[in-house]
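Enquirer: You'll find model29.cif just under this line, and it carries mmCIF, C-alpha atoms and all ligand atoms.
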data_work
loop_
_atom_site.label_atom_id
_atom_site.label_comp_id
_atom_site.auth_asym_id
_atom_site.auth_seq_id
_atom_site.Cartn_x
_atom_site.Cartn_y
_atom_site.Cartn_z
CA MET I 1 -17.19 18.00 -9.76
CA GLN I 2 -15.42 21.03 -8.43
CA GLY I 3 -15.32 20.02 -4.77
CA LYS I 4 -12.33 20.73 -2.64
CA ASP I 5 -11.14 17.13 -2.76
CA THR I 6 -11.45 17.05 -6.51
CA VAL I 7 -9.01 19.87 -6.91
CA LYS I 8 -6.71 18.38 -4.36
CA SER I 9 -6.75 14.95 -6.04
CA ARG I 10 -5.81 16.49 -9.35
CA LYS I 11 -2.90 18.34 -7.84
CA ARG I 12 -1.67 15.32 -5.97
CA SER I 13 -1.82 13.01 -8.93
CA PHE I 14 0.41 15.29 -10.96
CA THR I 15 2.88 15.48 -8.12
CA PHE I 16 2.78 11.72 -7.96
CA ALA I 17 3.40 11.22 -11.70
CA ALA I 18 6.40 13.53 -11.56
CA GLY I 19 7.85 11.57 -8.65
CA LEU I 20 7.52 8.30 -10.51
CA VAL I 21 9.63 9.36 -13.46
CA ALA I 22 12.59 8.40 -11.32
CA GLY I 23 11.55 4.70 -11.45
CA VAL I 24 13.14 2.72 -14.28
CA ALA I 25 10.10 0.68 -15.30
CA VAL I 26 7.77 3.63 -15.02
CA THR I 27 10.12 5.79 -17.06
CA VAL I 28 9.95 3.25 -19.86
CA GLY I 29 6.15 3.22 -19.67
CA PHE I 30 6.02 6.98 -19.53
CA ILE I 31 8.17 7.41 -22.63
CA SER I 32 6.25 4.85 -24.66
CA LEU I 33 2.97 6.46 -23.60
CA VAL I 34 4.19 9.82 -24.82
CA ALA I 35 5.36 8.29 -28.10
CA ALA I 36 2.06 6.47 -28.66
CA THR I 37 -0.18 9.44 -27.97
CA PRO I 38 -0.89 11.57 -31.03
CA ALA I 39 -0.18 15.23 -30.44
CA GLU I 40 -3.30 16.91 -29.09
CA GLU I 41 -4.55 20.05 -30.71
CA VAL I 42 -3.76 22.97 -28.48
CA SER I 43 -6.36 25.65 -28.71
CA PRO I 44 -7.59 28.49 -26.51
CA VAL I 45 -11.21 27.36 -26.97
CA LYS I 46 -11.24 23.59 -27.62
CA ALA I 47 -11.55 21.05 -24.80
CA ARG I 48 -8.79 18.53 -24.31
CA ALA I 49 -9.21 14.89 -23.25
CA LEU I 50 -9.38 14.10 -19.54
CA ASP I 51 -7.06 11.48 -18.16
CA PHE I 52 -9.07 10.88 -15.01
CA TYR I 53 -11.67 8.32 -14.12
CA VAL I 54 -15.01 9.99 -13.65
CA PRO I 55 -17.36 7.47 -12.00
CA ASN I 56 -20.21 6.21 -14.16
CA THR I 57 -18.93 7.73 -17.37
CA GLU I 58 -17.14 4.63 -18.68
CA ASP I 59 -18.43 1.13 -19.43
CA LEU I 60 -16.45 -1.69 -17.88
CA GLY I 61 -15.32 -4.02 -20.69
CA PRO I 62 -16.41 -7.68 -20.54
CA ASP I 63 -12.80 -8.76 -19.92
CA GLU I 64 -11.84 -5.85 -17.72
CA MET I 65 -11.20 -5.51 -13.99
CA ARG I 66 -11.34 -2.11 -12.35
CA VAL I 67 -9.90 -1.59 -8.88
CA ILE I 68 -10.51 1.61 -6.94
CA ALA I 69 -8.68 2.58 -3.75
CA CYS I 70 -11.35 3.68 -1.27
CA GLY I 71 -9.01 3.79 1.72
CA THR I 72 -5.23 3.70 1.84
CA GLY I 73 -4.32 5.33 5.16
CA MET I 74 -3.48 4.38 8.70
CA PRO I 75 -5.39 3.35 11.83
CA THR I 76 -5.81 7.00 12.80
CA GLN I 77 -8.38 9.22 11.12
CA ARG I 78 -7.69 12.00 8.66
CA MET I 79 -9.66 13.85 6.00
CA ALA I 80 -7.20 13.09 3.22
CA GLN I 81 -7.17 9.29 3.50
CA ALA I 82 -9.66 6.75 4.78
CA ALA I 83 -8.36 3.47 6.20
CA ALA I 84 -7.95 0.26 4.18
CA CYS I 85 -10.54 -0.41 1.48
CA PHE I 86 -10.28 -1.55 -2.13
CA LEU I 87 -13.21 -2.04 -4.48
CA VAL I 88 -12.85 -4.63 -7.25
CA GLU I 89 -15.30 -4.34 -10.17
CA LEU I 90 -15.42 -7.05 -12.82
CA GLY I 91 -16.67 -7.04 -16.38
CA ASN I 92 -19.15 -9.81 -15.50
CA GLY I 93 -21.00 -7.33 -13.26
CA ASP I 94 -19.68 -8.57 -9.92
CA LYS I 95 -18.26 -6.18 -7.35
CA PHE I 96 -16.28 -7.02 -4.23
CA ILE I 97 -15.08 -4.86 -1.37
CA PHE I 98 -11.82 -5.89 0.31
CA ASP I 99 -11.57 -4.42 3.80
CA ILE I 100 -13.78 -1.54 4.81
CA GLY I 101 -11.72 0.60 7.14
CA SER I 102 -12.87 3.70 8.96
CA GLY I 103 -13.90 6.46 6.54
CA ALA I 104 -14.22 4.10 3.57
CA ALA I 105 -18.02 4.32 3.29
CA GLU I 106 -17.74 7.97 2.26
CA ARG I 107 -15.33 7.06 -0.53
CA LEU I 108 -17.65 4.33 -1.73
CA SER I 109 -20.58 6.75 -1.73
CA ALA I 110 -18.62 9.13 -3.97
CA LEU I 111 -18.53 6.42 -6.64
CA GLN I 112 -22.35 6.47 -6.89
CA ILE I 113 -22.69 2.73 -7.33
CA PRO I 114 -26.15 1.31 -6.55
CA TYR I 115 -25.92 -0.24 -3.09
CA ASP I 116 -27.49 -3.52 -4.19
CA TYR I 117 -24.19 -4.06 -6.03
CA LEU I 118 -22.05 -3.31 -2.96
CA ASP I 119 -23.27 -6.32 -0.99
CA LYS I 120 -20.11 -8.44 -0.74
CA ILE I 121 -17.40 -7.46 1.75
CA PHE I 122 -14.26 -9.44 2.51
CA ILE I 123 -12.51 -8.54 5.75
CA GLY I 124 -8.86 -9.57 6.13
CA HIS I 125 -8.68 -8.96 9.87
CA LEU I 126 -10.62 -7.25 12.59
CA HIS I 127 -8.55 -4.16 13.32
CA GLY I 128 -10.81 -1.11 13.16
CA ASP I 129 -8.84 0.39 10.31
CA HIS I 130 -9.91 -2.63 8.23
CA PHE I 131 -13.58 -2.91 9.11
CA GLY I 132 -14.50 0.31 10.95
CA SER I 133 -16.92 1.42 8.24
CA ILE I 134 -18.95 -1.79 8.25
CA GLY I 135 -21.69 -0.24 10.39
CA GLU I 136 -21.99 2.73 8.04
CA MET I 137 -22.45 0.34 5.12
CA PHE I 138 -24.97 -1.69 7.11
CA VAL I 139 -27.10 1.32 8.08
CA GLY I 140 -26.27 3.98 5.47
CA GLY I 141 -26.13 1.48 2.61
CA MET I 142 -29.64 0.31 3.48
CA ILE I 143 -30.97 3.86 3.60
CA MET I 144 -29.23 4.63 0.29
CA GLY I 145 -31.00 1.76 -1.47
CA ARG I 146 -29.60 -1.64 -0.55
CA HIS I 147 -32.55 -4.04 -0.67
CA VAL I 148 -30.50 -7.22 -0.23
CA PRO I 149 -28.59 -8.57 2.78
CA LEU I 150 -25.07 -7.36 3.39
CA LYS I 151 -22.81 -10.39 2.98
CA ILE I 152 -19.57 -10.47 4.91
CA TRP I 153 -16.69 -12.90 4.65
CA GLY I 154 -14.02 -12.90 7.33
CA PRO I 155 -11.66 -15.18 9.25
CA SER I 156 -12.20 -17.17 12.40
CA GLY I 157 -9.84 -16.53 15.30
CA PRO I 158 -8.02 -18.56 17.92
CA THR I 159 -11.23 -18.41 20.00
CA PRO I 160 -14.84 -17.73 18.89
CA GLU I 161 -14.62 -14.25 20.48
CA LEU I 162 -11.75 -13.39 18.17
CA GLY I 163 -13.62 -14.32 14.99
CA THR I 164 -15.59 -12.36 12.41
CA LYS I 165 -18.96 -13.83 13.36
CA TYR I 166 -18.63 -12.60 16.94
CA ALA I 167 -17.63 -9.12 15.78
CA ILE I 168 -20.46 -8.73 13.28
CA GLU I 169 -23.10 -10.14 15.64
CA ARG I 170 -22.00 -7.57 18.26
CA MET I 171 -22.08 -4.84 15.63
CA ARG I 172 -25.70 -5.78 14.90
CA GLU I 173 -26.41 -5.70 18.64
CA MET I 174 -24.79 -2.28 18.90
CA TYR I 175 -27.35 -1.09 16.37
CA THR I 176 -30.34 -2.60 18.20
CA TRP I 177 -31.98 0.79 18.77
CA ASP I 178 -31.05 1.98 15.29
CA VAL I 179 -32.73 -1.00 13.62
CA ALA I 180 -35.78 -0.85 15.89
CA GLY I 181 -36.05 2.86 15.19
CA ARG I 182 -36.15 2.38 11.41
CA LEU I 183 -38.06 -0.85 10.80
CA GLY I 184 -41.46 -0.18 9.34
CA MET I 185 -40.52 3.38 8.40
CA THR I 186 -38.79 2.83 5.02
CA ASP I 187 -37.80 -0.11 2.84
CA THR I 188 -35.57 -1.88 5.34
CA ARG I 189 -35.04 -5.18 3.53
CA GLY I 190 -31.33 -4.32 3.46
CA PHE I 191 -31.21 -4.58 7.27
CA ALA I 192 -30.03 -8.17 7.03
CA LEU I 193 -26.57 -9.63 7.51
CA GLU I 194 -25.03 -12.84 6.27
CA VAL I 195 -21.71 -13.73 7.86
CA ASN I 196 -19.46 -16.31 6.26
CA GLU I 197 -16.69 -17.08 8.71
CA PHE I 198 -13.93 -19.29 7.39
CA ASP I 199 -10.88 -20.92 8.98
CA TYR I 200 -8.05 -18.41 9.28
CA LYS I 201 -5.59 -21.31 9.04
CA GLY I 202 -6.82 -22.37 5.61
CA ILE I 203 -3.95 -22.34 3.14
CA ASN I 204 -5.09 -21.04 -0.24
CA GLN I 205 -8.59 -22.28 0.54
CA VAL I 206 -11.50 -21.37 -1.71
CA ILE I 207 -13.88 -19.19 0.30
CA TYR I 208 -16.01 -17.92 -2.60
CA GLN I 209 -16.76 -19.36 -6.02
CA ASP I 210 -19.48 -18.08 -8.28
CA ASN I 211 -20.03 -16.66 -11.73
CA GLY I 212 -16.46 -17.49 -12.80
CA VAL I 213 -14.92 -15.75 -9.77
CA THR I 214 -12.75 -17.62 -7.27
CA ILE I 215 -11.64 -15.98 -4.06
CA ARG I 216 -9.12 -17.71 -1.83
CA SER I 217 -7.69 -16.92 1.59
CA PHE I 218 -4.33 -17.69 3.11
CA PRO I 219 -2.93 -16.77 6.52
CA ALA I 220 -1.29 -13.45 7.24
CA VAL I 221 1.11 -12.77 10.12
CA HIS I 222 -0.08 -9.73 12.04
CA ALA I 223 -0.44 -8.90 15.74
CA ILE I 224 -2.10 -12.16 16.86
CA ASP I 225 -3.52 -15.22 15.08
CA GLY I 226 -6.52 -14.58 12.81
CA PRO I 227 -5.57 -12.23 9.94
CA VAL I 228 -5.66 -13.46 6.35
CA SER I 229 -4.86 -12.23 2.85
CA PHE I 230 -6.96 -12.80 -0.27
CA SER I 231 -6.59 -13.63 -3.93
CA LEU I 232 -9.32 -13.11 -6.51
CA GLU I 233 -9.13 -14.81 -9.90
CA TRP I 234 -11.46 -14.20 -12.80
CA ASN I 235 -11.19 -14.48 -16.52
CA GLY I 236 -7.42 -15.00 -16.45
CA LEU I 237 -6.85 -11.95 -14.24
CA LYS I 238 -5.57 -12.09 -10.68
CA PHE I 239 -5.85 -9.59 -7.84
CA VAL I 240 -4.18 -10.16 -4.48
CA PHE I 241 -4.65 -8.17 -1.30
CA SER I 242 -2.63 -8.57 1.88
CA SER I 243 -4.84 -6.67 4.35
CA ASP I 244 -2.15 -6.33 7.06
CA SER I 245 0.83 -8.62 7.42
CA TYR I 246 4.44 -8.95 8.32
CA PRO I 247 6.20 -10.43 5.25
CA ASN I 248 5.11 -14.05 4.97
CA LYS I 249 5.68 -17.11 2.80
CA TRP I 250 2.03 -17.49 1.77
CA PHE I 251 1.70 -14.08 0.14
CA VAL I 252 4.92 -14.66 -1.76
CA GLU I 253 3.65 -18.03 -2.99
CA TYR I 254 -0.04 -17.32 -3.67
CA GLY I 255 0.53 -13.78 -4.86
CA LYS I 256 2.53 -15.10 -7.82
CA ASN I 257 1.23 -14.18 -11.30
CA ALA I 258 -0.88 -11.39 -9.90
CA ASP I 259 -1.84 -8.61 -12.25
CA LEU I 260 -2.36 -6.29 -9.32
CA ALA I 261 -0.67 -7.12 -6.00
CA ILE I 262 -1.74 -4.83 -3.17
CA HIS I 263 0.30 -5.21 -0.02
CA GLU I 264 0.57 -3.07 3.05
CA CYS I 265 3.68 -0.92 3.32
CA PHE I 266 3.89 0.88 6.62
CA ILE I 267 5.15 4.39 7.18
CA ALA I 268 8.91 4.43 7.70
CA VAL I 269 10.16 4.15 11.29
CA PRO I 270 11.59 7.72 11.50
CA SER I 271 8.16 9.18 10.65
CA LEU I 272 6.50 7.06 13.32
CA VAL I 273 8.79 8.74 15.82
CA THR I 274 8.72 12.30 14.50
CA LYS I 275 5.10 12.55 13.30
CA MET I 276 3.22 10.12 15.52
CA GLY I 277 5.10 10.49 18.76
CA PHE I 278 6.06 6.83 19.02
CA THR I 279 9.07 5.90 21.10
CA PRO I 280 11.85 4.38 18.97
CA GLU I 281 11.08 1.03 20.62
CA ALA I 282 7.38 1.18 19.66
CA ALA I 283 8.18 2.51 16.18
CA LEU I 284 10.54 -0.38 15.50
CA MET I 285 8.03 -2.89 16.84
CA VAL I 286 5.02 -1.57 14.92
CA GLY I 287 6.85 -0.39 11.81
CA THR I 288 8.96 -3.47 11.19
CA GLN I 289 7.58 -6.43 13.17
CA ILE I 290 3.77 -6.07 13.16
CA HIS I 291 3.65 -4.45 9.73
CA THR I 292 5.73 -4.52 6.55
CA ALA I 293 8.50 -1.91 6.32
CA PRO I 294 8.97 -0.30 2.87
CA GLU I 295 12.26 -2.17 2.31
CA ALA I 296 10.49 -5.44 3.12
CA PHE I 297 7.56 -4.54 0.84
CA GLY I 298 10.06 -4.17 -2.01
CA LYS I 299 11.58 -7.54 -1.23
CA ILE I 300 8.16 -9.21 -1.32
CA MET I 301 7.35 -7.67 -4.69
CA SER I 302 10.74 -8.63 -6.13
CA THR I 303 9.74 -12.23 -5.44
CA VAL I 304 6.06 -12.00 -6.43
CA LYS I 305 6.85 -9.96 -9.59
CA PRO I 306 3.29 -8.77 -10.20
CA ARG I 307 2.38 -6.80 -13.29
CA ARG I 308 1.89 -3.91 -10.89
CA ALA I 309 2.69 -3.66 -7.19
CA VAL I 310 0.57 -1.39 -5.02
CA ALA I 311 1.82 -0.12 -1.66
CA TYR I 312 -0.70 1.25 0.83
CA HIS I 313 -1.13 1.85 4.58
CA PHE I 314 0.90 5.01 5.01
CA PHE I 315 -0.01 8.68 5.14
CA LYS I 316 1.07 9.85 1.73
CA ASP I 317 2.32 13.39 2.19
CA PHE I 318 4.90 15.67 0.63
CA ASP I 319 7.41 14.70 3.28
CA THR I 320 6.70 10.96 3.52
CA THR I 321 6.22 9.86 -0.09
CA ALA I 322 9.84 10.18 -1.18
CA GLN I 323 10.99 8.40 1.97
CA VAL I 324 8.70 5.42 1.40
CA TYR I 325 9.48 5.38 -2.32
CA GLU I 326 13.25 5.46 -1.91
CA ARG I 327 13.17 2.71 0.70
CA ILE I 328 11.04 0.48 -1.56
CA ARG I 329 13.40 1.14 -4.47
CA THR I 330 16.34 -0.26 -2.52
CA THR I 331 14.77 -3.70 -2.98
CA TYR I 332 12.33 -3.48 -5.93
CA ASP I 333 12.54 -1.87 -9.35
CA GLY I 334 9.31 -3.13 -10.97
CA PRO I 335 6.06 -1.32 -11.73
CA LEU I 336 4.84 0.40 -8.59
CA SER I 337 1.94 2.48 -7.35
CA LEU I 338 2.06 4.34 -4.06
CA ALA I 339 -1.65 4.25 -3.34
CA GLU I 340 -3.80 7.11 -2.23
CA ASP I 341 -7.57 7.36 -2.04
CA PHE I 342 -9.35 7.37 -5.40
CA MET I 343 -6.46 5.87 -7.33
CA VAL I 344 -7.93 3.65 -10.06
CA TRP I 345 -6.46 0.71 -11.96
CA ASN I 346 -8.07 -0.69 -15.09
CA VAL I 347 -6.65 -4.17 -15.58
CA THR I 348 -6.90 -6.17 -18.81
CA LYS I 349 -4.72 -8.73 -20.53
CA GLU I 350 -3.19 -5.85 -22.47
CA GLY I 351 -2.07 -3.81 -19.53
CA VAL I 352 -2.75 -1.92 -16.34
CA ARG I 353 -3.92 1.66 -16.68
CA GLU I 354 -3.52 3.84 -13.61
CA ARG I 355 -5.40 7.06 -13.05
CA MET I 356 -6.96 9.14 -10.34
CA ALA I 357 -10.72 9.42 -10.03
CA LEU I 358 -12.44 12.77 -10.06
CA VAL I 359 -15.35 12.49 -7.69
CA GLU I 360 -18.28 14.49 -6.46
CA GLU I 361 -18.27 15.16 -2.72
CA ALA I 362 -21.89 16.19 -2.25
CA THR I 363 -23.45 12.92 -3.35
CA TRP I 364 -26.97 11.66 -2.71
CA ALA I 365 -28.29 8.15 -3.12
CA PRO I 366 -27.27 6.50 -6.40
CA PRO I 367 -30.00 5.03 -8.63
CA LEU I 368 -31.81 2.02 -7.21
CA ALA I 369 -30.86 -1.30 -8.80
CA SER I 370 -34.14 -2.82 -7.62
CA PRO I 371 -37.46 -1.08 -6.93
CA ALA I 372 -38.17 0.04 -3.37
CA ILE I 373 -41.26 -1.21 -1.57
CA PRO I 374 -43.36 0.77 0.95
CA PRO I 375 -42.62 0.30 4.67
CA ARG I 376 -43.75 -3.02 6.14
CA MET I 377 -45.37 -2.58 9.56
CA GLU I 378 -45.02 -6.31 10.22
CA ASP I 379 -41.21 -5.88 10.44
CA ARG I 380 -41.68 -3.33 13.20
CA VAL I 381 -44.15 -5.55 15.01
CA ALA I 382 -41.81 -8.55 14.84
CA GLU I 383 -38.90 -6.52 16.24
CA SER I 384 -41.03 -5.07 19.04
CA GLU I 385 -42.11 -8.58 20.00
CA ARG I 386 -38.52 -9.83 19.87
CA LEU I 387 -37.30 -7.03 22.13
CA GLY I 388 -40.41 -6.84 24.32
CA TRP I 389 -41.09 -3.17 23.72
CA GLU I 390 -44.48 -1.72 22.89
CA ILE I 391 -44.90 0.00 19.54
CA GLY I 392 -45.71 3.68 19.81
CA TYR I 393 -44.43 6.31 22.21
CA SER I 394 -45.03 6.09 25.95
CA ASP I 395 -47.67 8.46 27.35
CA LEU I 396 -44.94 10.79 28.60
CA ILE I 397 -43.20 11.11 25.21
CA ALA I 398 -46.45 11.22 23.22
CA GLY I 399 -47.58 14.01 25.53
CA GLY I 400 -44.65 16.10 24.31
CA LYS I 401 -45.89 16.26 20.74
CA LEU I 402 -47.09 19.69 19.63
CA ASP I 403 -50.23 19.86 17.55
CA TYR I 404 -48.77 21.10 14.26
CA ARG I 405 -51.38 19.37 12.14
CA ASP I 406 -52.28 22.68 10.51
CA VAL I 407 -48.91 22.83 8.72
CA ILE I 408 -48.17 19.12 8.33
CA GLU I 409 -51.50 17.90 6.96
CA PRO I 410 -51.15 20.09 3.85
CA ILE I 411 -47.94 18.20 3.05
CA TYR I 412 -50.02 15.03 2.84
CA ARG I 413 -52.51 16.76 0.53
CA GLU I 414 -49.62 18.07 -1.58
CA ALA I 415 -48.18 14.54 -1.91
CA SER I 416 -51.61 13.05 -2.70
CA GLU I 417 -52.13 15.55 -5.49
CA ALA I 418 -48.61 15.14 -6.86
CA VAL I 419 -48.68 11.33 -6.90
CA GLY I 420 -52.37 10.96 -7.72
CA ARG I 421 -53.36 8.72 -4.83
CA GLU I 422 -54.56 9.35 -1.33
CA PHE I 423 -52.06 9.42 1.56
CA GLU I 424 -53.96 9.38 4.80
CA TYR I 425 -52.80 11.56 7.68
CA PRO I 426 -51.87 9.29 10.61
CA GLU I 427 -54.22 9.85 13.50
CA ASN I 428 -51.78 8.63 16.17
ZN ZN I 501 -4.02 -4.42 11.41
ZN ZN I 502 -4.04 -1.78 9.30
#
Mind turning this structure into structure tokens?

Expert:
Amino acid sequence: MQGKDTVKSRKRSFTFAAGLVAGVAVTVGFISLVAATPAEEVSPVKARALDFYVPNTEDLGPDEMRVIACGTGMPTQRMAQAAACFLVELGNGDKFIFDIGSGAAERLSALQIPYDYLDKIFIGHLHGDHFGSIGEMFVGGMIMGRHVPLKIWGPSGPTPELGTKYAIERMREMYTWDVAGRLGMTDTRGFALEVNEFDYKGINQVIYQDNGVTIRSFPAVHAIDGPVSFSLEWNGLKFVFSSDSYPNKWFVEYGKNADLAIHECFIAVPSLVTKMGFTPEAALMVGTQIHTAPEAFGKIMSTVKPRRAVAYHFFKDFDTTAQVYERIRTTYDGPLSLAEDFMVWNVTKEGVRERMALVEEATWAPPLASPAIPPRMEDRVAESERLGWEIGYSDLIAGGKLDYRDVIEPIYREASEAVGREFEYPEN
């Protein structure tokens, strides 16, 4: 737990808490928190309590919702922030991923959640910064232990080519060689996709209902027709997520009574010019017309009045945070989080607890939620027949293999002895 990011997250979260003291509502919460916390024993040798979320060290209460920011950045890549992705975990055992922007799969892997549980992804729109990591979850998630299909919900578009089904089918086609090259080698049952495309024009339509969870979509206004926002309701708790949108009447209406309202809040126009090289014309267009400017974000939240408003979709740096914060505070004085990756919210009827997660960078596969099965050759055969390619290497490629049997065969004997059953050395 002492990775570079870990240290950085800790430092940033303290900076962040100090910045928030300026906010009226947060100041009240901060003071009452101090008053309610019994004085901790200060000692040169005794440990003190952590106020971070360390994945897999806390049970999720039966009435509790936990939301983890797994991507809060912009359409361009950076180490410090992945693009849009929020994980919602519920006390009934269900987990949902809302948007899966570029870089998000690495954040999800740091949480060490069995991949069988990360099988439901809701995409708000088809910009790469909102679904760019879908292929990594499809391939990497399978290798890391997903034995069930990856289920994807996303909007239709003004034409079939602009819808989610088209995008995901092409993604699967892009991975034609990848899938063919893995089938029959490991447990590849997770190499299956289920796409649930719904009407982007649906107004507060139910797109998912199971196990006490209702997820609805409503239109968003962003770039061209197609984008949507989501609400999730369970056990008297409500989560809403904008994906991307210019301020719109549906979010303001269907975001009402949200416990956690996550809405995009774009980097301020001056930063688009000075830090991203946009012309003033482009900065004004992108920063105020295609996206939600910080001042407009505040106005939305003043109407929605969530228990906690979460702003994301800006690079949160030492020289941008105050700018975004001050602009939001011209129009909103309620509870506010300026999101960054690995920010965590525990939501219950009693309140919303906000912390940063401390995560491990060098993660391996999490535990399997269902047992793996040995490779199935019939999957490879079926794919070779579908694609009209002959299993096995061509004579040319096979002729390039060096005879290293003398050092490889002992590995088979080693495995046979260790496991207590015979693994035969493949003759071809
Ligand atoms: Zn977008
Ligand atoms: Zn975006």

Enquirer: Set the distance at 12 Å and use only C-alpha atoms: which residues neighbour Val347 in chain I once local chain neighbours fewer than 2 positions away are removed? I'd like the list as a PyMOL selection string.

Expert: chain I and resi 60-68+88-91+234-239+258-261+307-308+344-345+349-355

Enquirer: Between I:Val228, I:Pro160, I:Asp244, I:Leu358, which one has atoms that come closest to Gly101 in chain I, using only C-alpha atoms?

Expert: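 Result for the nearest residue to Gly101 in chain I: I:Asp244.
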
Enquirer: CA of Asp319 in chain I to CA of Phe241 in chain I: how many Å, to one decimal?

Expert: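 Separation of CA of Asp319 in chain I and CA of Phe241 in chain I: 26.3 Å.
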
Enquirer: Grab me every residue within 8 Å of ligand ZN 502 (chain I), counting only C-alpha atoms and all ligand atoms, and send it over as a ChimeraX atom specification.

Expert: /I:74-75,83-84,127-130,243-244,264,313

Enquirer: Between I:Tyr312, I:Phe342, I:Tyr325, I:Tyr117, which residue has the minimum interatomic distance to Phe96 in chain I, considering all atoms listed in the file?

Expert: I:Tyr117

Enquirer: Find the residues around Pro374 in chain I up to 9 Å (all atoms listed in the file counted), leave out those fewer than 6 positions away in its own chain, and share them as a list in words.

Expert: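 Listed by chain and then number, they are Gly184, Met185, Thr186 and Asp187 of chain I.
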
Enquirer: Nearest residue to Ile97 in chain I out of I:Gly190, I:Pro155, I:Gly71, I:Pro280, using all atoms listed in the file?

Expert: I:Gly71

Enquirer: Record the distance separating CA of Thr288 in chain I and CA of Thr159 in chain I, expressed in Å with one decimal.

Expert: 26.6 Å

Enquirer: Rank I:Lys120, I:Arg78, I:Lys201, I:His222 by their smallest atom-to-atom distance to ligand ZN 501 (chain I), using all atoms listed in the file, and report the top residue only.

Expert: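 Comparing I:Lys120, I:Arg78, I:Lys201, I:His222 against ligand ZN 501 (chain I), the winner is I:His222.
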
Enquirer: Nearest residue to Trp153 in chain I out of I:Asn204, I:Thr279, I:Asn211, I:Ser229, using all atoms listed in the file?

Expert: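 When distances to Trp153 in chain I are compared using all atoms listed in the file, the smallest one comes from I:Ser229.
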
Enquirer: Please determine, counting only C-alpha atoms and all ligand atoms, which residue among I:Asp199, I:Asp225, I:Asp210, I:Glu169 has the shortest atom-to-atom distance to ligand ZN 501 (chain I).

Expert: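 Ranking I:Asp199, I:Asp225, I:Asp210, I:Glu169 by distance to ligand ZN 501 (chain I), first place goes to I:Asp225.
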
Enquirer: Near Glu422 in chain I, counting only C-alpha atoms, which residues have an atom at most 8 Å away, once you skip same-chain residues fewer than 3 positions from it, shown as a short mmCIF file (atom, residue, chain, number, x, y, z; two decimals) with C-alpha atoms, in the frame of the given file?

Expert:
data_model
loop_
_atom_site.label_atom_id
_atom_site.label_comp_id
_atom_site.auth_asym_id
_atom_site.auth_seq_id
_atom_site.Cartn_x
_atom_site.Cartn_y
_atom_site.Cartn_z
CA ARG I 413 -52.51 16.76 0.53
CA SER I 416 -51.61 13.05 -2.70
CA GLU I 417 -52.13 15.55 -5.49
#

Enquirer: Residues around (3.6, 0.1, -5.5), cut-off 12 Å, counting only C-alpha atoms - what are they as an mmCIF file with C-alpha atoms, in the frame of the given file?

Expert:
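Saved result, point-v9.cif, follows:
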data_model
loop_
_atom_site.group_PDB
_atom_site.id
_atom_site.type_symbol
_atom_site.label_atom_id
_atom_site.label_comp_id
_atom_site.auth_asym_id
_atom_site.auth_seq_id
_atom_site.Cartn_x
_atom_site.Cartn_y
_atom_site.Cartn_z
ATOM 1 C CA PHE I 16 2.780 11.720 -7.960
ATOM 2 C CA LEU I 20 7.520 8.300 -10.510
ATOM 3 C CA GLY I 23 11.550 4.700 -11.450
ATOM 4 C CA ALA I 25 10.100 0.680 -15.300
ATOM 5 C CA VAL I 26 7.770 3.630 -15.020
ATOM 6 C CA LEU I 260 -2.360 -6.290 -9.320
ATOM 7 C CA ALA I 261 -0.670 -7.120 -6.000
ATOM 8 C CA ILE I 262 -1.740 -4.830 -3.170
ATOM 9 C CA HIS I 263 0.300 -5.210 -0.020
ATOM 10 C CA GLU I 264 0.570 -3.070 3.050
ATOM 11 C CA CYS I 265 3.680 -0.920 3.320
ATOM 12 C CA PRO I 294 8.970 -0.300 2.870
ATOM 13 C CA GLU I 295 12.260 -2.170 2.310
ATOM 14 C CA PHE I 297 7.560 -4.540 0.840
ATOM 15 C CA GLY I 298 10.060 -4.170 -2.010
ATOM 16 C CA LYS I 299 11.580 -7.540 -1.230
ATOM 17 C CA ILE I 300 8.160 -9.210 -1.320
ATOM 18 C CA MET I 301 7.350 -7.670 -4.690
ATOM 19 C CA SER I 302 10.740 -8.630 -6.130
ATOM 20 C CA LYS I 305 6.850 -9.960 -9.590
ATOM 21 C CA PRO I 306 3.290 -8.770 -10.200
ATOM 22 C CA ARG I 307 2.380 -6.800 -13.290
ATOM 23 C CA ARG I 308 1.890 -3.910 -10.890
ATOM 24 C CA ALA I 309 2.690 -3.660 -7.190
ATOM 25 C CA VAL I 310 0.570 -1.390 -5.020
ATOM 26 C CA ALA I 311 1.820 -0.120 -1.660
ATOM 27 C CA TYR I 312 -0.700 1.250 0.830
ATOM 28 C CA HIS I 313 -1.130 1.850 4.580
ATOM 29 C CA PHE I 314 0.900 5.010 5.010
ATOM 30 C CA THR I 321 6.220 9.860 -0.090
ATOM 31 C CA VAL I 324 8.700 5.420 1.400
ATOM 32 C CA TYR I 325 9.480 5.380 -2.320
ATOM 33 C CA GLU I 326 13.250 5.460 -1.910
ATOM 34 C CA ARG I 327 13.170 2.710 0.700
ATOM 35 C CA ILE I 328 11.040 0.480 -1.560
ATOM 36 C CA ARG I 329 13.400 1.140 -4.470
ATOM 37 C CA TYR I 332 12.330 -3.480 -5.930
ATOM 38 C CA ASP I 333 12.540 -1.870 -9.350
ATOM 39 C CA GLY I 334 9.310 -3.130 -10.970
ATOM 40 C CA PRO I 335 6.060 -1.320 -11.730
ATOM 41 C CA LEU I 336 4.840 0.400 -8.590
ATOM 42 C CA SER I 337 1.940 2.480 -7.350
ATOM 43 C CA LEU I 338 2.060 4.340 -4.060
ATOM 44 C CA ALA I 339 -1.650 4.250 -3.340
ATOM 45 C CA GLU I 340 -3.800 7.110 -2.230
ATOM 46 C CA MET I 343 -6.460 5.870 -7.330
ATOM 47 C CA TRP I 345 -6.460 0.710 -11.960
ATOM 48 C CA GLU I 354 -3.520 3.840 -13.610
#
